[in-house]
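Asker: Please find input14.cif (mmCIF, C-alpha atoms) on the next line:
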```cif
data_protein
loop_
_atom_site.group_PDB
_atom_site.id
_atom_site.type_symbol
_atom_site.label_atom_id
_atom_site.label_comp_id
_atom_site.auth_asym_id
_atom_site.auth_seq_id
_atom_site.Cartn_x
_atom_site.Cartn_y
_atom_site.Cartn_z
ATOM 1 C CA MET A 1 -9.873 -0.327 -0.048
ATOM 2 C CA GLU A 2 -9.560 -3.711 1.629
ATOM 3 C CA SER A 3 -11.257 -5.581 4.411
ATOM 4 C CA PHE A 4 -8.926 -8.310 5.575
ATOM 5 C CA PRO A 5 -7.934 -8.620 9.263
ATOM 6 C CA LEU A 6 -5.513 -5.678 9.260
ATOM 7 C CA HIS A 7 -8.543 -3.440 8.955
ATOM 8 C CA SER A 8 -10.342 -5.211 11.794
ATOM 9 C CA LEU A 9 -8.834 -7.178 14.690
ATOM 10 C CA ALA A 10 -5.231 -7.255 13.498
ATOM 11 C CA GLY A 11 -5.411 -3.529 12.800
ATOM 12 C CA TRP A 12 -5.216 -2.979 16.546
ATOM 13 C CA ALA A 13 -1.634 -4.253 16.459
ATOM 14 C CA LEU A 14 -0.497 -1.397 14.220
ATOM 15 C CA PRO A 15 0.883 1.860 15.599
ATOM 16 C CA PRO A 16 -0.269 3.900 17.354
ATOM 17 C CA ALA A 17 -3.086 1.595 18.536
ATOM 18 C CA GLY A 18 -0.901 -1.423 19.381
ATOM 19 C CA PRO A 19 1.669 0.389 21.526
ATOM 20 C CA LEU A 20 -1.109 2.430 23.155
ATOM 21 C CA LEU A 21 -2.948 -0.735 24.179
ATOM 22 C CA VAL A 22 0.288 -2.108 25.644
ATOM 23 C CA LEU A 23 0.747 1.140 27.572
ATOM 24 C CA LEU A 24 -2.824 1.120 28.883
ATOM 25 C CA ALA A 25 -2.535 -2.524 29.923
ATOM 26 C CA GLY A 26 0.635 -1.651 31.780
ATOM 27 C CA LEU A 27 -1.022 1.236 33.597
ATOM 28 C CA ALA A 28 -3.886 -1.030 34.600
ATOM 29 C CA LEU A 29 -1.376 -3.532 36.039
ATOM 30 C CA MET A 30 1.026 -0.969 37.462
ATOM 31 C CA ARG A 31 1.049 -2.610 40.904
ATOM 32 C CA PHE A 32 2.775 -5.611 39.336
ATOM 33 C CA ARG A 33 6.236 -5.741 37.812
ATOM 34 C CA VAL A 34 4.841 -6.948 34.469
ATOM 35 C CA GLY A 35 2.581 -3.908 34.407
ATOM 36 C CA ARG A 36 5.494 -1.533 34.806
ATOM 37 C CA TRP A 37 7.364 -3.280 32.007
ATOM 38 C CA LEU A 38 4.312 -3.136 29.755
ATOM 39 C CA ALA A 39 3.824 0.567 30.434
ATOM 40 C CA PHE A 40 7.468 1.295 29.720
ATOM 41 C CA SER A 41 7.461 -0.831 26.553
ATOM 42 C CA GLY A 42 4.279 0.768 25.240
ATOM 43 C CA ALA A 43 5.581 4.280 25.833
ATOM 44 C CA LEU A 44 8.912 3.439 24.221
ATOM 45 C CA LEU A 45 7.225 1.947 21.145
ATOM 46 C CA LEU A 46 4.944 4.962 20.776
ATOM 47 C CA TYR A 47 7.955 7.232 20.857
ATOM 48 C CA ALA A 48 10.036 5.089 18.491
ATOM 49 C CA PHE A 49 7.299 4.723 15.868
ATOM 50 C CA SER A 50 6.851 8.503 15.841
ATOM 51 C CA THR A 51 10.504 9.273 15.018
ATOM 52 C CA PRO A 52 11.915 9.562 11.483
ATOM 53 C CA LEU A 53 14.833 7.370 12.559
ATOM 54 C CA ALA A 54 12.680 4.351 13.378
ATOM 55 C CA SER A 55 10.046 4.873 10.685
ATOM 56 C CA HIS A 56 12.651 5.082 7.929
ATOM 57 C CA ALA A 57 14.469 2.027 9.289
ATOM 58 C CA LEU A 58 11.191 0.109 9.064
ATOM 59 C CA ILE A 59 10.181 1.141 5.566
ATOM 60 C CA ALA A 60 13.609 1.245 3.892
ATOM 61 C CA PRO A 61 13.997 -2.559 3.439
ATOM 62 C CA LEU A 62 10.658 -2.635 1.629
ATOM 63 C CA GLN A 63 11.253 0.218 -0.797
ATOM 64 C CA ASN A 64 15.005 0.476 -1.320
ATOM 65 C CA PRO A 65 15.377 -2.477 -3.758
ATOM 66 C CA TYR A 66 13.203 -0.709 -6.348
ATOM 67 C CA HIS A 67 14.163 1.987 -8.829
ATOM 68 C CA PRO A 68 12.366 3.724 -11.719
ATOM 69 C CA PRO A 69 12.301 1.614 -14.893
ATOM 70 C CA ASP A 70 15.008 2.385 -17.447
ATOM 71 C CA ALA A 71 14.545 2.797 -21.213
ATOM 72 C CA PRO A 72 14.832 -0.940 -22.091
ATOM 73 C CA ALA A 73 12.256 -1.776 -19.415
ATOM 74 C CA LEU A 74 9.856 0.813 -20.786
ATOM 75 C CA GLU A 75 10.275 -0.589 -24.293
ATOM 76 C CA ALA A 76 9.517 -4.113 -23.070
ATOM 77 C CA ALA A 77 6.265 -3.122 -21.355
ATOM 78 C CA GLU A 78 2.904 -3.819 -22.977
ATOM 79 C CA ALA A 79 0.627 -2.039 -20.506
ATOM 80 C CA ILE A 80 0.599 -0.009 -17.301
ATOM 81 C CA VAL A 81 -1.271 -1.183 -14.204
ATOM 82 C CA VAL A 82 -1.832 1.294 -11.389
ATOM 83 C CA LEU A 83 -3.134 0.059 -8.042
ATOM 84 C CA GLY A 84 -5.736 1.908 -6.028
ATOM 85 C CA ALA A 85 -4.993 3.035 -2.491
ATOM 86 C CA GLY A 86 -8.363 4.064 -1.096
ATOM 87 C CA TYR A 87 -11.004 6.767 -1.014
ATOM 88 C CA ARG A 88 -11.211 10.264 0.374
ATOM 89 C CA SER A 89 -14.761 10.772 1.553
ATOM 90 C CA GLY A 90 -16.218 14.148 2.414
ATOM 91 C CA ALA A 91 -14.647 15.668 -0.693
ATOM 92 C CA VAL A 92 -17.405 18.229 -1.235
ATOM 93 C CA GLU A 93 -15.301 19.930 -3.903
ATOM 94 C CA PHE A 94 -15.451 16.661 -5.893
ATOM 95 C CA ALA A 95 -19.122 15.723 -5.481
ATOM 96 C CA GLY A 96 -18.467 14.056 -2.143
ATOM 97 C CA GLU A 97 -15.841 11.438 -2.932
ATOM 98 C CA THR A 98 -12.548 10.945 -4.750
ATOM 99 C CA VAL A 99 -9.304 8.981 -4.357
ATOM 100 C CA ASN A 100 -7.000 9.634 -1.410
ATOM 101 C CA ASP A 101 -3.583 11.251 -1.420
ATOM 102 C CA LEU A 102 -1.703 7.951 -1.728
ATOM 103 C CA ALA A 103 -3.703 7.034 -4.819
ATOM 104 C CA LEU A 104 -3.054 10.426 -6.406
ATOM 105 C CA VAL A 105 0.704 9.887 -6.130
ATOM 106 C CA ARG A 106 0.367 6.596 -7.998
ATOM 107 C CA LEU A 107 -1.980 7.990 -10.617
ATOM 108 C CA ARG A 108 0.281 10.923 -11.383
ATOM 109 C CA TYR A 109 3.209 8.602 -12.053
ATOM 110 C CA ALA A 110 1.059 6.248 -14.152
ATOM 111 C CA ALA A 111 0.018 9.232 -16.267
ATOM 112 C CA ALA A 112 3.653 10.273 -16.673
ATOM 113 C CA LEU A 113 4.575 6.769 -17.832
ATOM 114 C CA HIS A 114 1.652 6.796 -20.260
ATOM 115 C CA ARG A 115 2.875 10.032 -21.805
ATOM 116 C CA ARG A 116 6.353 8.522 -22.231
ATOM 117 C CA THR A 117 5.225 5.183 -23.652
ATOM 118 C CA GLY A 118 1.721 5.625 -25.080
ATOM 119 C CA LEU A 119 0.693 2.403 -23.308
ATOM 120 C CA PRO A 120 -2.851 1.783 -22.049
ATOM 121 C CA VAL A 121 -3.424 2.163 -18.324
ATOM 122 C CA ILE A 122 -5.411 -0.313 -16.234
ATOM 123 C CA ALA A 123 -6.850 1.375 -13.137
ATOM 124 C CA THR A 124 -7.697 -1.340 -10.629
ATOM 125 C CA GLY A 125 -9.843 -0.819 -7.562
ATOM 126 C CA GLY A 126 -13.300 -2.018 -6.580
ATOM 127 C CA ALA A 127 -15.710 -1.165 -3.787
ATOM 128 C CA ALA A 128 -17.807 -2.722 -1.072
ATOM 129 C CA GLY A 129 -21.571 -2.685 -1.410
ATOM 130 C CA ASP A 130 -23.155 -0.084 -3.676
ATOM 131 C CA ARG A 131 -20.311 2.400 -3.380
ATOM 132 C CA GLU A 132 -18.786 3.754 -6.594
ATOM 133 C CA PRO A 133 -15.752 1.600 -7.519
ATOM 134 C CA GLU A 134 -12.433 3.253 -6.814
ATOM 135 C CA ALA A 135 -11.424 2.627 -10.431
ATOM 136 C CA ARG A 136 -14.103 5.102 -11.520
ATOM 137 C CA TRP A 137 -12.455 7.923 -9.566
ATOM 138 C CA MET A 138 -9.000 6.760 -10.610
ATOM 139 C CA ALA A 139 -9.996 6.966 -14.272
ATOM 140 C CA GLU A 140 -11.331 10.468 -13.708
ATOM 141 C CA ALA A 141 -7.960 11.630 -12.360
ATOM 142 C CA LEU A 142 -6.046 9.871 -15.134
ATOM 143 C CA THR A 143 -8.179 11.585 -17.757
ATOM 144 C CA GLU A 144 -7.423 14.960 -16.184
ATOM 145 C CA TRP A 145 -3.708 14.136 -16.487
ATOM 146 C CA GLY A 146 -3.985 13.390 -20.189
ATOM 147 C CA VAL A 147 -4.262 9.578 -20.292
ATOM 148 C CA THR A 148 -6.086 8.654 -23.480
ATOM 149 C CA GLU A 149 -6.580 4.891 -23.059
ATOM 150 C CA ILE A 150 -7.905 3.691 -19.690
ATOM 151 C CA LEU A 151 -9.296 0.304 -18.727
ATOM 152 C CA GLN A 152 -11.224 0.143 -15.458
ATOM 153 C CA GLU A 153 -10.937 -2.989 -13.320
ATOM 154 C CA ASN A 154 -13.661 -2.403 -10.730
ATOM 155 C CA ARG A 155 -14.021 -5.709 -8.896
ATOM 156 C CA ALA A 156 -10.834 -5.934 -6.810
ATOM 157 C CA ARG A 157 -11.104 -5.362 -3.067
ATOM 158 C CA ASP A 158 -7.483 -6.090 -2.151
ATOM 159 C CA THR A 159 -4.023 -6.429 -3.651
ATOM 160 C CA ARG A 160 -4.426 -10.081 -4.581
ATOM 161 C CA GLU A 161 -7.671 -9.339 -6.408
ATOM 162 C CA ASN A 162 -5.997 -6.358 -8.111
ATOM 163 C CA ALA A 163 -3.598 -8.915 -9.556
ATOM 164 C CA ARG A 164 -6.199 -11.558 -10.348
ATOM 165 C CA TYR A 165 -8.645 -9.362 -12.231
ATOM 166 C CA SER A 166 -5.989 -7.241 -13.910
ATOM 167 C CA ALA A 167 -4.390 -10.450 -15.192
ATOM 168 C CA GLU A 168 -7.707 -11.367 -16.803
ATOM 169 C CA LEU A 169 -7.845 -8.024 -18.621
ATOM 170 C CA LEU A 170 -4.249 -8.405 -19.720
ATOM 171 C CA ARG A 171 -4.871 -11.888 -21.113
ATOM 172 C CA GLU A 172 -7.823 -10.556 -23.110
ATOM 173 C CA ARG A 173 -5.466 -8.043 -24.718
ATOM 174 C CA GLY A 174 -2.658 -10.543 -25.230
ATOM 175 C CA ALA A 175 -0.377 -8.605 -22.876
ATOM 176 C CA ARG A 176 1.875 -10.012 -20.191
ATOM 177 C CA ASN A 177 4.683 -7.559 -19.436
ATOM 178 C CA VAL A 178 3.374 -4.650 -17.371
ATOM 179 C CA LEU A 179 4.680 -1.589 -15.617
ATOM 180 C CA LEU A 180 3.266 -2.042 -12.120
ATOM 181 C CA VAL A 181 2.717 1.354 -10.510
ATOM 182 C CA THR A 182 2.339 1.497 -6.760
ATOM 183 C CA HIS A 183 4.212 2.851 -3.772
ATOM 184 C CA ALA A 184 7.736 1.503 -3.473
ATOM 185 C CA HIS A 185 7.070 -0.080 -0.074
ATOM 186 C CA HIS A 186 4.054 -1.932 -1.512
ATOM 187 C CA LEU A 187 5.932 -3.499 -4.418
ATOM 188 C CA PRO A 188 7.276 -6.632 -2.657
ATOM 189 C CA ARG A 189 3.761 -7.902 -1.946
ATOM 190 C CA ALA A 190 2.127 -6.463 -5.061
ATOM 191 C CA SER A 191 4.769 -7.906 -7.408
ATOM 192 C CA ALA A 192 4.444 -11.345 -5.825
ATOM 193 C CA ALA A 193 0.665 -11.224 -6.228
ATOM 194 C CA PHE A 194 0.843 -10.321 -9.921
ATOM 195 C CA GLU A 195 3.523 -12.909 -10.643
ATOM 196 C CA HIS A 196 1.297 -15.497 -8.944
ATOM 197 C CA TYR A 197 -1.215 -14.883 -11.741
ATOM 198 C CA GLY A 198 1.348 -15.143 -14.524
ATOM 199 C CA VAL A 199 2.043 -11.448 -15.080
ATOM 200 C CA GLU A 200 5.597 -10.358 -15.851
ATOM 201 C CA VAL A 201 6.141 -7.392 -13.562
ATOM 202 C CA ILE A 202 8.319 -4.398 -14.384
ATOM 203 C CA PRO A 203 8.371 -2.500 -11.075
ATOM 204 C CA ALA A 204 7.475 1.176 -11.387
ATOM 205 C CA PRO A 205 7.848 2.484 -7.830
ATOM 206 C CA THR A 206 6.679 5.891 -6.709
ATOM 207 C CA GLY A 207 6.157 7.812 -3.480
ATOM 208 C CA ALA A 208 9.156 6.511 -1.543
ATOM 209 C CA PHE A 209 9.117 7.725 2.052
ATOM 210 C CA VAL A 210 12.417 9.318 3.028
ATOM 211 C CA PRO A 211 13.338 11.553 5.969
ATOM 212 C CA SER A 212 14.081 15.216 5.367
ATOM 213 C CA THR A 213 17.458 14.721 7.046
ATOM 214 C CA THR A 214 19.827 11.759 7.117
ATOM 215 C CA GLY A 215 22.149 10.421 9.749
ATOM 216 C CA LEU A 216 21.705 10.533 13.498
ATOM 217 C CA SER A 217 20.555 13.978 14.563
ATOM 218 C CA ILE A 218 18.101 15.686 16.891
ATOM 219 C CA GLY A 219 15.705 16.038 13.974
ATOM 220 C CA MET A 220 15.713 12.274 13.386
ATOM 221 C CA LEU A 221 14.789 11.701 17.043
ATOM 222 C CA LYS A 222 12.014 14.299 17.205
ATOM 223 C CA PRO A 223 8.500 12.805 17.215
ATOM 224 C CA ARG A 224 6.526 13.690 14.091
ATOM 225 C CA ALA A 225 3.042 12.839 12.907
ATOM 226 C CA ASN A 226 4.233 11.923 9.410
ATOM 227 C CA ALA A 227 6.803 9.528 10.889
ATOM 228 C CA MET A 228 4.021 7.716 12.757
ATOM 229 C CA ARG A 229 2.130 7.412 9.486
ATOM 230 C CA THR A 230 5.211 5.980 7.774
ATOM 231 C CA SER A 231 5.605 3.463 10.600
ATOM 232 C CA TRP A 232 1.946 2.497 10.215
ATOM 233 C CA LEU A 233 2.390 1.934 6.478
ATOM 234 C CA ALA A 234 5.531 -0.157 6.998
ATOM 235 C CA MET A 235 4.017 -2.340 9.732
ATOM 236 C CA HIS A 236 0.811 -2.686 7.711
ATOM 237 C CA GLU A 237 2.899 -4.003 4.831
ATOM 238 C CA TYR A 238 4.925 -6.430 6.957
ATOM 239 C CA LEU A 239 1.742 -7.879 8.449
ATOM 240 C CA GLY A 240 0.220 -8.083 4.971
ATOM 241 C CA ILE A 241 3.225 -10.029 3.683
ATOM 242 C CA LEU A 242 3.010 -12.414 6.631
ATOM 243 C CA TRP A 243 -0.721 -12.851 6.036
ATOM 244 C CA TYR A 244 -0.176 -13.725 2.374
ATOM 245 C CA HIS A 245 2.560 -16.216 3.230
ATOM 246 C CA TRP A 246 0.396 -17.839 5.891
ATOM 247 C CA GLN A 247 -2.615 -18.123 3.581
ATOM 248 C CA HIS A 248 -0.432 -19.402 0.740
ATOM 249 C CA ASN A 249 1.014 -22.116 2.961
ATOM 250 C CA ARG A 250 -2.537 -23.119 3.889
ATOM 251 C CA GLY A 251 -3.346 -23.482 0.197
ATOM 252 C CA VAL A 252 -6.073 -20.820 0.090
ATOM 253 C CA GLU A 253 -6.482 -17.618 -1.895
ATOM 254 C CA PRO A 254 -5.682 -14.852 0.583
ATOM 255 C CA ARG A 255 -7.528 -11.615 1.015
ATOM 256 C CA GLY A 256 -4.832 -9.034 1.572
ATOM 257 C CA SER A 257 -4.016 -5.629 2.904
ATOM 258 C CA ALA A 258 -4.275 -2.377 1.016
ATOM 259 C CA GLY A 259 -1.343 -0.719 -0.482
#
```
Here is a file; write its structure as structure tokens.
Answerer:
Amino acid sequence: MESFPLHSLAGWALPPAGPLLVLLAGLALMRFRVGRWLAFSGALLLYAFSTPLASHALIAPLQNPYHPPDAPALEAAEAIVVLGAGYRSGAVEFAGETVNDLALVRLRYAAALHRRTGLPVIATGGAAGDREPEARWMAEALTEWGVTEILQENRARDTRENARYSAELLRERGARNVLLVTHAHHLPRASAAFEHYGVEVIPAPTGAFVPSTTGLSIGMLKPRANAMRTSWLAMHEYLGILWYHWQHNRGVEPRGSAG
């Protein structure tokens, strides 16, 4: 959904692209000692990022502090905000476009919270150019899951703008305490963004990434495609947090990474 540097130049630092570039640079400089070290380091990083052991170690510090809201937290909430996560293009079974799998996980949980609380749901997600806003497709999925009161925030292009424009809608309704629905690993940055705009956040994490096995085992050391994806998401989030901190220290409104 977003277009800040992680989706352009800085995106090349994320796995698997970053380690692969290190490996290729090492191969190109193999005649030198530094080249051999680069090649070895790149190969080792590619392997590590693709294992459940390393990917879980990366994402756990982001998601482990958060737990589903308890009954008092649900009673204190005045609205539900669910953050977009991106599109799935080429969805011919849905007229060509819909939300991606990450967004569906968030939307399903937002709908479940709505059924428990009866609170309105703000679906926040914009679009670049003349593309249909993500919030439009989010609202479609929420309706299918039985949500009866949906507000579409269709201007946001990143997490900080999700917070900014959602806060405006909340102020119009006289609401401040919100259940913030997003992936658990995205909550540190998302919560900080919403609190920056005066919203009282009640974390509502979903979609935690956990390995199918625990402890040190052969399975935890076996390269897997889904482990590489988890590593990508974790590193994307760490770079996004650093980007927000850097922009905040410079005194500017940051454009941030997708969640």
Asker: Quick one: contact table of segment 17-127 of chain A to segment 133-145 of chain A, 8 Å max, nearest atom pair and distance in Å to one decimal per residue, counting all atoms listed in the file, chain and number order, as a tab-separated table?
Answerer:
```
residue	atom	partner	partner_atom	distance
A:Gly84	CA	A:Glu134	CA	6.9
A:Gly86	CA	A:Glu134	CA	7.1
A:Tyr87	CA	A:Glu134	CA	6.9
A:Thr98	CA	A:Trp137	CA	5.7
A:Val99	CA	A:Trp137	CA	6.2
A:Ala103	CA	A:Met138	CA	7.9
A:Leu104	CA	A:Ala141	CA	7.8
A:Leu107	CA	A:Leu142	CA	6.4
A:Arg108	CA	A:Trp145	CA	7.2
A:Ala111	CA	A:Trp145	CA	6.2
A:Ala123	CA	A:Ala135	CA	5.5
A:Thr124	CA	A:Ala135	CA	5.4
A:Gly125	CA	A:Ala135	CA	4.8
A:Gly126	CA	A:Pro133	CA	4.5
A:Ala127	CA	A:Pro133	CA	4.6
```
Asker: Go ahead and write the selection's residues with C-alpha atoms as a PDB file, keeping the file's coordinate frame.
Answerer:
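File written: part-v9.pdb
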```
ATOM      1  CA  GLY A  84      -5.736   1.908  -6.028  1.00  0.00           C
ATOM      2  CA  GLY A  86      -8.363   4.064  -1.096  1.00  0.00           C
ATOM      3  CA  TYR A  87     -11.004   6.767  -1.014  1.00  0.00           C
ATOM      4  CA  THR A  98     -12.548  10.945  -4.750  1.00  0.00           C
ATOM      5  CA  VAL A  99      -9.304   8.981  -4.357  1.00  0.00           C
ATOM      6  CA  ALA A 103      -3.703   7.034  -4.819  1.00  0.00           C
ATOM      7  CA  LEU A 104      -3.054  10.426  -6.406  1.00  0.00           C
ATOM      8  CA  LEU A 107      -1.980   7.990 -10.617  1.00  0.00           C
ATOM      9  CA  ARG A 108       0.281  10.923 -11.383  1.00  0.00           C
ATOM     10  CA  ALA A 111       0.018   9.232 -16.267  1.00  0.00           C
ATOM     11  CA  ALA A 123      -6.850   1.375 -13.137  1.00  0.00           C
ATOM     12  CA  THR A 124      -7.697  -1.340 -10.629  1.00  0.00           C
ATOM     13  CA  GLY A 125      -9.843  -0.819  -7.562  1.00  0.00           C
ATOM     14  CA  GLY A 126     -13.300  -2.018  -6.580  1.00  0.00           C
ATOM     15  CA  ALA A 127     -15.710  -1.165  -3.787  1.00  0.00           C
TER      16      ALA A 127
END
```
Asker: I'd like the neighbourhood of segment 219-222 of chain A as a PyMOL selection string, where a residue qualifies if any of its atoms comes within 9 Å (using all atoms listed in the file), though same-chain residues fewer than 2 positions away should be ignored.
Answerer: chain A and resi 47-48+50-54+211-217+224
Asker: Could you write out as a ChimeraX atom specification the residues that the PyMOL selection byres ((chain A and resi 16-19) around 10) matches in the shown file?
Answerer: /A:10-15,20-25,38-39,41-47,49-50,228-229,231-232
Asker: How far is it from atom CA of Ile122 of chain A to atom CA of His183 of chain A, in Å with one decimal?
Answerer: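 Going from atom CA of Ile122 of chain A over to atom CA of His183 of chain A, I get 16.1 Å.
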Asker: For the file shown, what are the residues hit by the PyMOL selection byres ((chain A and resi 193) around 12), laid out as a ChimeraX atom specification?
Answerer: /A:158-167,180,186-192,194-201,240-241,244-245,248,253-257
Asker: Calculated over all atoms listed in the file, which of the candidates A:Glu132, A:Asp101, A:Glu237, A:Glu153 has the smallest distance to Ile59 of chain A?
Answerer: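 Selected residue with least distance to Ile59 of chain A: A:Glu237.
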Asker: I want to know what sits within 7 Å of Pro120 of chain A, based on only C-alpha atoms, with residues of the same chain fewer than 4 positions away left out; could you give that as a list in words?
Answerer: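 Everything that qualifies: Ala79, Ile80, His114, Glu149 and Ile150 of chain A.
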Asker: Which of these residues is nearest to Leu113 of chain A, using all atoms listed in the file: A:Leu29, A:Ala184, A:Leu179, A:Leu233?
Answerer: A:Leu179
Asker: Using only C-alpha atoms, give me every residue within 6 Å of (13.9, 6.1, 2.6) in file coordinates, as a PDB file with C-alpha atoms, in the frame of the given file.
Answerer:
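Final output, point_11.pdb:
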```pdb
ATOM      1  CA  HIS A  56      12.651   5.082   7.929  1.00  0.00           C
ATOM      2  CA  ALA A  60      13.609   1.245   3.892  1.00  0.00           C
ATOM      3  CA  PHE A 209       9.117   7.725   2.052  1.00  0.00           C
ATOM      4  CA  VAL A 210      12.417   9.318   3.028  1.00  0.00           C
TER       5      VAL A 210
END
```
Asker: I'd like the interatomic distance between atom CA of Arg116 of chain A and atom CA of Arg157 of chain A, to a tenth of an Å.
Answerer: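 Atom-to-atom, atom CA of Arg116 of chain A to atom CA of Arg157 of chain A, that is 29.4 Å.
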Asker: Provide an axis-aligned box for all listed atoms of segment 219-238 of chain A, padding each side by 8 Å; report its centre and its edge lengths in Å to one decimal, as AutoDock Vina command-line options.
Answerer:
```
--center_x 8.3 --center_y 4.8 --center_z 11.0 --size_x 30.9 --size_y 38.5 --size_z 28.4
```
Asker: Find the distance between atom CA of Met235 of chain A and atom CA of Arg106 of chain A and write it in Å to one decimal.
Answerer: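 Atom CA of Arg106 of chain A lies 20.2 Å from atom CA of Met235 of chain A.
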Asker: Missing atoms in segment 168-175 of chain A should be modelled up to all heavy atoms and reported as a PDB file, keeping the file's coordinate frame.
Answerer:
```
ATOM      1  N   GLU A 168      -6.667 -10.969 -15.847  1.00  0.00           N
ATOM      2  CA  GLU A 168      -7.707 -11.367 -16.803  1.00  0.00           C
ATOM      3  C   GLU A 168      -7.814 -10.344 -17.935  1.00  0.00           C
ATOM      4  O   GLU A 168      -7.914 -10.719 -19.115  1.00  0.00           O
ATOM      5  CB  GLU A 168      -9.051 -11.509 -16.079  1.00  0.00           C
ATOM      6  CG  GLU A 168      -9.108 -12.675 -15.104  1.00  0.00           C
ATOM      7  CD  GLU A 168     -10.444 -12.766 -14.397  1.00  0.00           C
ATOM      8  OE1 GLU A 168     -11.348 -11.937 -14.706  1.00  0.00           O
ATOM      9  OE2 GLU A 168     -10.606 -13.648 -13.533  1.00  0.00           O
ATOM     10  N   LEU A 169      -7.795  -9.064 -17.585  1.00  0.00           N
ATOM     11  CA  LEU A 169      -7.845  -8.024 -18.621  1.00  0.00           C
ATOM     12  C   LEU A 169      -6.627  -8.085 -19.530  1.00  0.00           C
ATOM     13  O   LEU A 169      -6.732  -7.907 -20.748  1.00  0.00           O
ATOM     14  CB  LEU A 169      -7.936  -6.647 -17.959  1.00  0.00           C
ATOM     15  CG  LEU A 169      -9.256  -6.263 -17.306  1.00  0.00           C
ATOM     16  CD1 LEU A 169      -9.147  -4.888 -16.646  1.00  0.00           C
ATOM     17  CD2 LEU A 169     -10.389  -6.260 -18.332  1.00  0.00           C
ATOM     18  N   LEU A 170      -5.479  -8.339 -18.933  1.00  0.00           N
ATOM     19  CA  LEU A 170      -4.249  -8.405 -19.720  1.00  0.00           C
ATOM     20  C   LEU A 170      -4.283  -9.578 -20.693  1.00  0.00           C
ATOM     21  O   LEU A 170      -3.855  -9.457 -21.852  1.00  0.00           O
ATOM     22  CB  LEU A 170      -3.044  -8.509 -18.790  1.00  0.00           C
ATOM     23  CG  LEU A 170      -2.731  -7.259 -17.973  1.00  0.00           C
ATOM     24  CD1 LEU A 170      -1.772  -7.580 -16.838  1.00  0.00           C
ATOM     25  CD2 LEU A 170      -2.148  -6.170 -18.880  1.00  0.00           C
ATOM     26  N   ARG A 171      -4.785 -10.725 -20.233  1.00  0.00           N
ATOM     27  CA  ARG A 171      -4.871 -11.888 -21.113  1.00  0.00           C
ATOM     28  C   ARG A 171      -5.806 -11.607 -22.282  1.00  0.00           C
ATOM     29  O   ARG A 171      -5.552 -12.041 -23.421  1.00  0.00           O
ATOM     30  CB  ARG A 171      -5.338 -13.114 -20.332  1.00  0.00           C
ATOM     31  CG  ARG A 171      -4.237 -13.752 -19.485  1.00  0.00           C
ATOM     32  CD  ARG A 171      -4.639 -15.127 -19.013  1.00  0.00           C
ATOM     33  NE  ARG A 171      -5.757 -15.066 -18.070  1.00  0.00           N
ATOM     34  CZ  ARG A 171      -5.616 -14.947 -16.758  1.00  0.00           C
ATOM     35  NH1 ARG A 171      -4.398 -14.853 -16.223  1.00  0.00           N
ATOM     36  NH2 ARG A 171      -6.672 -14.918 -15.972  1.00  0.00           N
ATOM     37  N   GLU A 172      -6.892 -10.892 -22.032  1.00  0.00           N
ATOM     38  CA  GLU A 172      -7.823 -10.556 -23.110  1.00  0.00           C
ATOM     39  C   GLU A 172      -7.156  -9.707 -24.178  1.00  0.00           C
ATOM     40  O   GLU A 172      -7.512  -9.784 -25.360  1.00  0.00           O
ATOM     41  CB  GLU A 172      -9.029  -9.805 -22.533  1.00  0.00           C
ATOM     42  CG  GLU A 172      -9.933 -10.664 -21.658  1.00  0.00           C
ATOM     43  CD  GLU A 172     -11.019  -9.851 -20.988  1.00  0.00           C
ATOM     44  OE1 GLU A 172     -11.093  -8.618 -21.252  1.00  0.00           O
ATOM     45  OE2 GLU A 172     -11.796 -10.422 -20.199  1.00  0.00           O
ATOM     46  N   ARG A 173      -6.171  -8.914 -23.783  1.00  0.00           N
ATOM     47  CA  ARG A 173      -5.466  -8.043 -24.718  1.00  0.00           C
ATOM     48  C   ARG A 173      -4.179  -8.669 -25.241  1.00  0.00           C
ATOM     49  O   ARG A 173      -3.447  -8.047 -26.016  1.00  0.00           O
ATOM     50  CB  ARG A 173      -5.144  -6.702 -24.046  1.00  0.00           C
ATOM     51  CG  ARG A 173      -6.372  -5.928 -23.605  1.00  0.00           C
ATOM     52  CD  ARG A 173      -5.969  -4.643 -22.882  1.00  0.00           C
ATOM     53  NE  ARG A 173      -5.271  -3.731 -23.763  1.00  0.00           N
ATOM     54  CZ  ARG A 173      -5.839  -2.821 -24.539  1.00  0.00           C
ATOM     55  NH1 ARG A 173      -7.161  -2.690 -24.529  1.00  0.00           N
ATOM     56  NH2 ARG A 173      -5.125  -2.021 -25.317  1.00  0.00           N
ATOM     57  N   GLY A 174      -3.875  -9.878 -24.800  1.00  0.00           N
ATOM     58  CA  GLY A 174      -2.658 -10.543 -25.230  1.00  0.00           C
ATOM     59  C   GLY A 174      -1.401  -9.917 -24.668  1.00  0.00           C
ATOM     60  O   GLY A 174      -0.324 -10.006 -25.270  1.00  0.00           O
ATOM     61  N   ALA A 175      -1.515  -9.270 -23.512  1.00  0.00           N
ATOM     62  CA  ALA A 175      -0.377  -8.605 -22.876  1.00  0.00           C
ATOM     63  C   ALA A 175       0.050  -9.375 -21.642  1.00  0.00           C
ATOM     64  O   ALA A 175      -0.768  -9.978 -20.950  1.00  0.00           O
ATOM     65  CB  ALA A 175      -0.732  -7.171 -22.514  1.00  0.00           C
TER      66      ALA A 175
END
```
